[in-house]
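Enquirer: upload_37.tsv (TSV, C-alpha atoms) pasted underneath:
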chain	number	residue	atom	x	y	z
A	1	MET	CA	-7.80	-17.48	-65.89
A	2	GLY	CA	-8.54	-14.43	-68.04
A	3	PRO	CA	-12.06	-13.61	-69.28
A	4	LEU	CA	-11.20	-14.10	-72.96
A	5	ARG	CA	-9.63	-17.49	-72.27
A	6	THR	CA	-12.71	-18.49	-70.29
A	7	VAL	CA	-15.02	-17.50	-73.17
A	8	GLY	CA	-12.85	-19.52	-75.54
A	9	LEU	CA	-13.36	-22.59	-73.35
A	10	TRP	CA	-17.16	-22.24	-73.50
A	11	PHE	CA	-17.17	-23.64	-77.02
A	12	SER	CA	-14.24	-26.03	-76.75
A	13	PRO	CA	-14.93	-29.03	-74.52
A	14	ARG	CA	-11.70	-30.69	-75.69
A	15	ARG	CA	-9.67	-27.78	-74.32
A	16	VAL	CA	-11.50	-28.03	-70.99
A	17	ARG	CA	-10.76	-31.76	-70.84
A	18	ALA	CA	-7.10	-31.08	-71.62
A	19	GLU	CA	-6.76	-29.07	-68.38
A	20	GLY	CA	-5.24	-31.09	-65.54
A	21	ASP	CA	-6.61	-34.45	-64.45
A	22	THR	CA	-10.12	-35.81	-64.74
A	23	PRO	CA	-11.94	-35.14	-61.45
A	24	ASP	CA	-14.31	-37.57	-59.79
A	25	TYR	CA	-17.33	-37.72	-62.10
A	26	ARG	CA	-19.65	-36.92	-59.19
A	27	PHE	CA	-18.07	-33.48	-58.93
A	28	SER	CA	-18.36	-32.82	-62.65
A	29	LEU	CA	-22.00	-33.90	-62.60
A	30	ALA	CA	-22.69	-31.68	-59.58
A	31	ASN	CA	-21.07	-28.80	-61.47
A	32	GLU	CA	-23.36	-29.54	-64.42
A	33	ARG	CA	-26.45	-29.61	-62.17
A	34	THR	CA	-25.44	-26.22	-60.78
A	35	PHE	CA	-25.07	-24.93	-64.35
A	36	LEU	CA	-28.56	-26.18	-65.19
A	37	ALA	CA	-30.00	-24.56	-62.05
A	38	TRP	CA	-28.53	-21.22	-63.10
A	39	VAL	CA	-30.00	-21.64	-66.60
A	40	ARG	CA	-33.42	-22.42	-65.09
A	41	THR	CA	-33.13	-19.33	-62.90
A	42	GLY	CA	-32.27	-17.25	-65.96
A	43	LEU	CA	-35.29	-18.63	-67.84
A	44	ALA	CA	-37.55	-17.89	-64.88
A	45	LEU	CA	-36.30	-14.30	-64.73
A	46	VAL	CA	-36.86	-13.87	-68.47
A	47	ALA	CA	-40.39	-15.27	-68.10
A	48	GLY	CA	-40.99	-12.92	-65.17
A	49	GLY	CA	-39.79	-9.93	-67.20
A	50	ILE	CA	-42.08	-10.85	-70.07
A	51	ALA	CA	-44.99	-11.39	-67.65
A	52	VAL	CA	-44.48	-8.00	-66.01
A	53	ASP	CA	-44.31	-6.29	-69.39
A	54	GLN	CA	-47.38	-8.03	-70.79
A	55	PHE	CA	-49.66	-8.48	-67.79
A	56	ALA	CA	-48.87	-5.80	-65.20
A	57	THR	CA	-50.83	-3.25	-67.21
A	58	GLY	CA	-51.88	-1.46	-64.02
A	59	LEU	CA	-48.31	-0.28	-63.53
A	60	THR	CA	-47.37	3.03	-65.08
A	61	GLY	CA	-45.21	2.66	-68.19
A	62	PRO	CA	-41.81	3.58	-66.73
A	63	VAL	CA	-42.26	1.47	-63.56
A	64	ARG	CA	-43.35	-1.55	-65.57
A	65	THR	CA	-40.49	-1.08	-68.02
A	66	VAL	CA	-37.86	-0.77	-65.27
A	67	ILE	CA	-39.07	-3.91	-63.50
A	68	ALA	CA	-39.27	-5.88	-66.75
A	69	VAL	CA	-35.82	-4.76	-67.87
A	70	VAL	CA	-34.24	-5.59	-64.48
A	71	LEU	CA	-35.70	-9.10	-64.70
A	72	LEU	CA	-34.74	-9.59	-68.35
A	73	VAL	CA	-31.17	-8.37	-67.81
A	74	GLY	CA	-30.92	-10.60	-64.74
A	75	GLY	CA	-32.04	-13.57	-66.84
A	76	ALA	CA	-29.50	-12.84	-69.56
A	77	ALA	CA	-26.76	-12.38	-66.95
A	78	CYS	CA	-27.69	-15.72	-65.35
A	79	ALA	CA	-27.32	-17.53	-68.67
A	80	VAL	CA	-23.92	-16.03	-69.38
A	81	ARG	CA	-22.75	-16.47	-65.80
A	82	ALA	CA	-23.90	-20.10	-65.80
A	83	VAL	CA	-21.57	-21.18	-68.58
A	84	SER	CA	-18.72	-19.00	-67.35
A	85	HIS	CA	-18.92	-20.40	-63.83
A	86	TRP	CA	-19.27	-23.96	-65.11
A	87	VAL	CA	-16.05	-23.66	-67.13
A	88	ARG	CA	-14.14	-21.95	-64.34
A	89	CYS	CA	-15.20	-24.60	-61.80
A	90	GLU	CA	-14.47	-27.49	-64.14
A	91	VAL	CA	-10.97	-26.17	-64.88
A	92	ALA	CA	-10.32	-25.53	-61.17
A	93	MET	CA	-11.38	-29.08	-60.28
A	94	ARG	CA	-9.18	-30.53	-63.01
A	95	ARG	CA	-6.20	-28.53	-61.75
A	96	GLY	CA	-6.87	-29.34	-58.09
A	97	GLU	CA	-7.39	-25.64	-57.27
A	98	ASP	CA	-9.93	-23.94	-55.04
A	99	LEU	CA	-13.23	-23.24	-56.73
A	100	PRO	CA	-13.61	-19.66	-57.96
A	101	GLU	CA	-15.31	-17.06	-55.80
A	102	SER	CA	-18.37	-15.27	-57.11
A	103	ARG	CA	-20.33	-12.18	-56.14
A	104	PHE	CA	-22.94	-12.90	-58.78
A	105	PRO	CA	-25.44	-14.65	-56.48
A	106	ALA	CA	-25.49	-11.57	-54.23
A	107	LEU	CA	-25.96	-9.23	-57.21
A	108	LEU	CA	-28.74	-11.40	-58.58
A	109	ALA	CA	-30.47	-11.52	-55.20
A	110	VAL	CA	-30.27	-7.73	-54.81
A	111	GLY	CA	-31.59	-7.13	-58.34
A	112	THR	CA	-34.48	-9.54	-57.82
A	113	ALA	CA	-35.27	-8.02	-54.42
A	114	LEU	CA	-35.29	-4.52	-55.94
A	115	ALA	CA	-37.73	-5.64	-58.63
A	116	ALA	CA	-39.96	-7.23	-55.98
A	117	LEU	CA	-39.79	-4.08	-53.83
A	118	LEU	CA	-40.76	-1.91	-56.80
A	119	VAL	CA	-43.84	-4.05	-57.36
A	120	ALA	CA	-44.67	-4.01	-53.62
A	121	VAL	CA	-44.39	-0.21	-53.50
A	122	ALA	CA	-46.56	0.05	-56.60
A	123	VAL	CA	-49.22	-2.14	-54.99
A	124	VAL	CA	-49.17	-0.25	-51.66
A	125	THR	CA	-49.27	3.19	-53.27
A	126	GLY	CA	-52.06	2.17	-55.57
A	127	VAL	CA	-50.08	2.56	-58.78
A	128	LEU	CA	-50.93	-1.06	-59.53
A	129	ARG	CA	-54.69	-1.50	-59.60
Written as structure tokens, that's how I'd like the structure from this file.
Expert:
Amino acid sequence: MGPLRTVGLWFSPRRVRAEGDTPDYRFSLANERTFLAWVRTGLALVAGGIAVDQFATGLTGPVRTVIAVVLLVGGAACAVRAVSHWVRCEVAMRRGEDLPESRFPALLAVGTALAALLVAVAVVTGVLR
């Protein structure tokens, strides 16, 4: 399924329902719970980015900005990825296909780990006081 078609399905639940057969509701509800977990993760990352920007005043400007931006971009990416993955999984279930693969969790984990490492280095080197 192409990216533009997927985006079109984000806002058209009728078109999603028109794909294939209705799956077991338990699977659709599990897909929805996964979507909500990704949205919560995105909100947490946004809150973390705002917190770093507003409260980590001991960090030098560029370090604080980089960490905040990494967290904020990660939060935005989580929100977009959540709806995209939900649609792709729902369509795959309706068509009886394998669920789509995703590298996004690995990218998110690496980005979050990098932000945490930057803060740890700042604490150890005394940049954060």
Enquirer: May I have the protein, DNA and RNA residues with an atom at most 10 Å from (-16.7, -25.1, -69.7), counting all atoms listed in the file in the file's coordinates, returned as a PyMOL selection string?
Expert: chain A and resi 6-17+32+35+82-91
Enquirer: Write out as a VMD selection string which residues come within 10 Å of A:Val63 when counting all atoms listed in the file, dropping same-chain ones fewer than 4 positions away.
Expert: chain A and resid 53 56 59 67 to 69 115 118 to 119 122 127 to 128
Enquirer: Which polymer residues, whether protein, DNA or RNA, lie within 12 Å of the coordinate (-23.8, -16.0, -54.9) when you count all atoms listed in the file? List them as a list of chain:residue names, using the chain letters and numbers from the file.
Expert: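 The residues that fall inside the cut-off are A:Thr34, A:Trp38, A:Cys78, A:Arg81, A:Ala82, A:His85, A:Pro100, A:Glu101, A:Ser102, A:Arg103, A:Phe104, A:Pro105, A:Ala106, A:Leu107, A:Leu108, A:Ala109, A:Val110.
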Enquirer: Only C-alpha atoms, please: the residues just picked out, written as a PDB file, keeping the file's coordinate frame.
Expert:
ATOM      1  CA  THR A  34     -25.440 -26.220 -60.780  1.00  0.00           C
ATOM      2  CA  TRP A  38     -28.530 -21.220 -63.100  1.00  0.00           C
ATOM      3  CA  CYS A  78     -27.690 -15.720 -65.350  1.00  0.00           C
ATOM      4  CA  ARG A  81     -22.750 -16.470 -65.800  1.00  0.00           C
ATOM      5  CA  ALA A  82     -23.900 -20.100 -65.800  1.00  0.00           C
ATOM      6  CA  HIS A  85     -18.920 -20.400 -63.830  1.00  0.00           C
ATOM      7  CA  PRO A 100     -13.610 -19.660 -57.960  1.00  0.00           C
ATOM      8  CA  GLU A 101     -15.310 -17.060 -55.800  1.00  0.00           C
ATOM      9  CA  SER A 102     -18.370 -15.270 -57.110  1.00  0.00           C
ATOM     10  CA  ARG A 103     -20.330 -12.180 -56.140  1.00  0.00           C
ATOM     11  CA  PHE A 104     -22.940 -12.900 -58.780  1.00  0.00           C
ATOM     12  CA  PRO A 105     -25.440 -14.650 -56.480  1.00  0.00           C
ATOM     13  CA  ALA A 106     -25.490 -11.570 -54.230  1.00  0.00           C
ATOM     14  CA  LEU A 107     -25.960  -9.230 -57.210  1.00  0.00           C
ATOM     15  CA  LEU A 108     -28.740 -11.400 -58.580  1.00  0.00           C
ATOM     16  CA  ALA A 109     -30.470 -11.520 -55.200  1.00  0.00           C
ATOM     17  CA  VAL A 110     -30.270  -7.730 -54.810  1.00  0.00           C
TER      18      VAL A 110
END
Enquirer: Report, in Å to a single decimal, how far apart atom CA of A:Ala76 and atom CA of A:Asp98 are.
Expert: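 These atoms are spaced 26.8 Å apart.
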Enquirer: Leaving out stretch 20-24 of chain A and any residue of its chain fewer than 6 positions from it, which residues lie within 12 Å of it when counting all atoms listed in the file, given as a ChimeraX atom specification?
Expert: /A:30-31,89-97
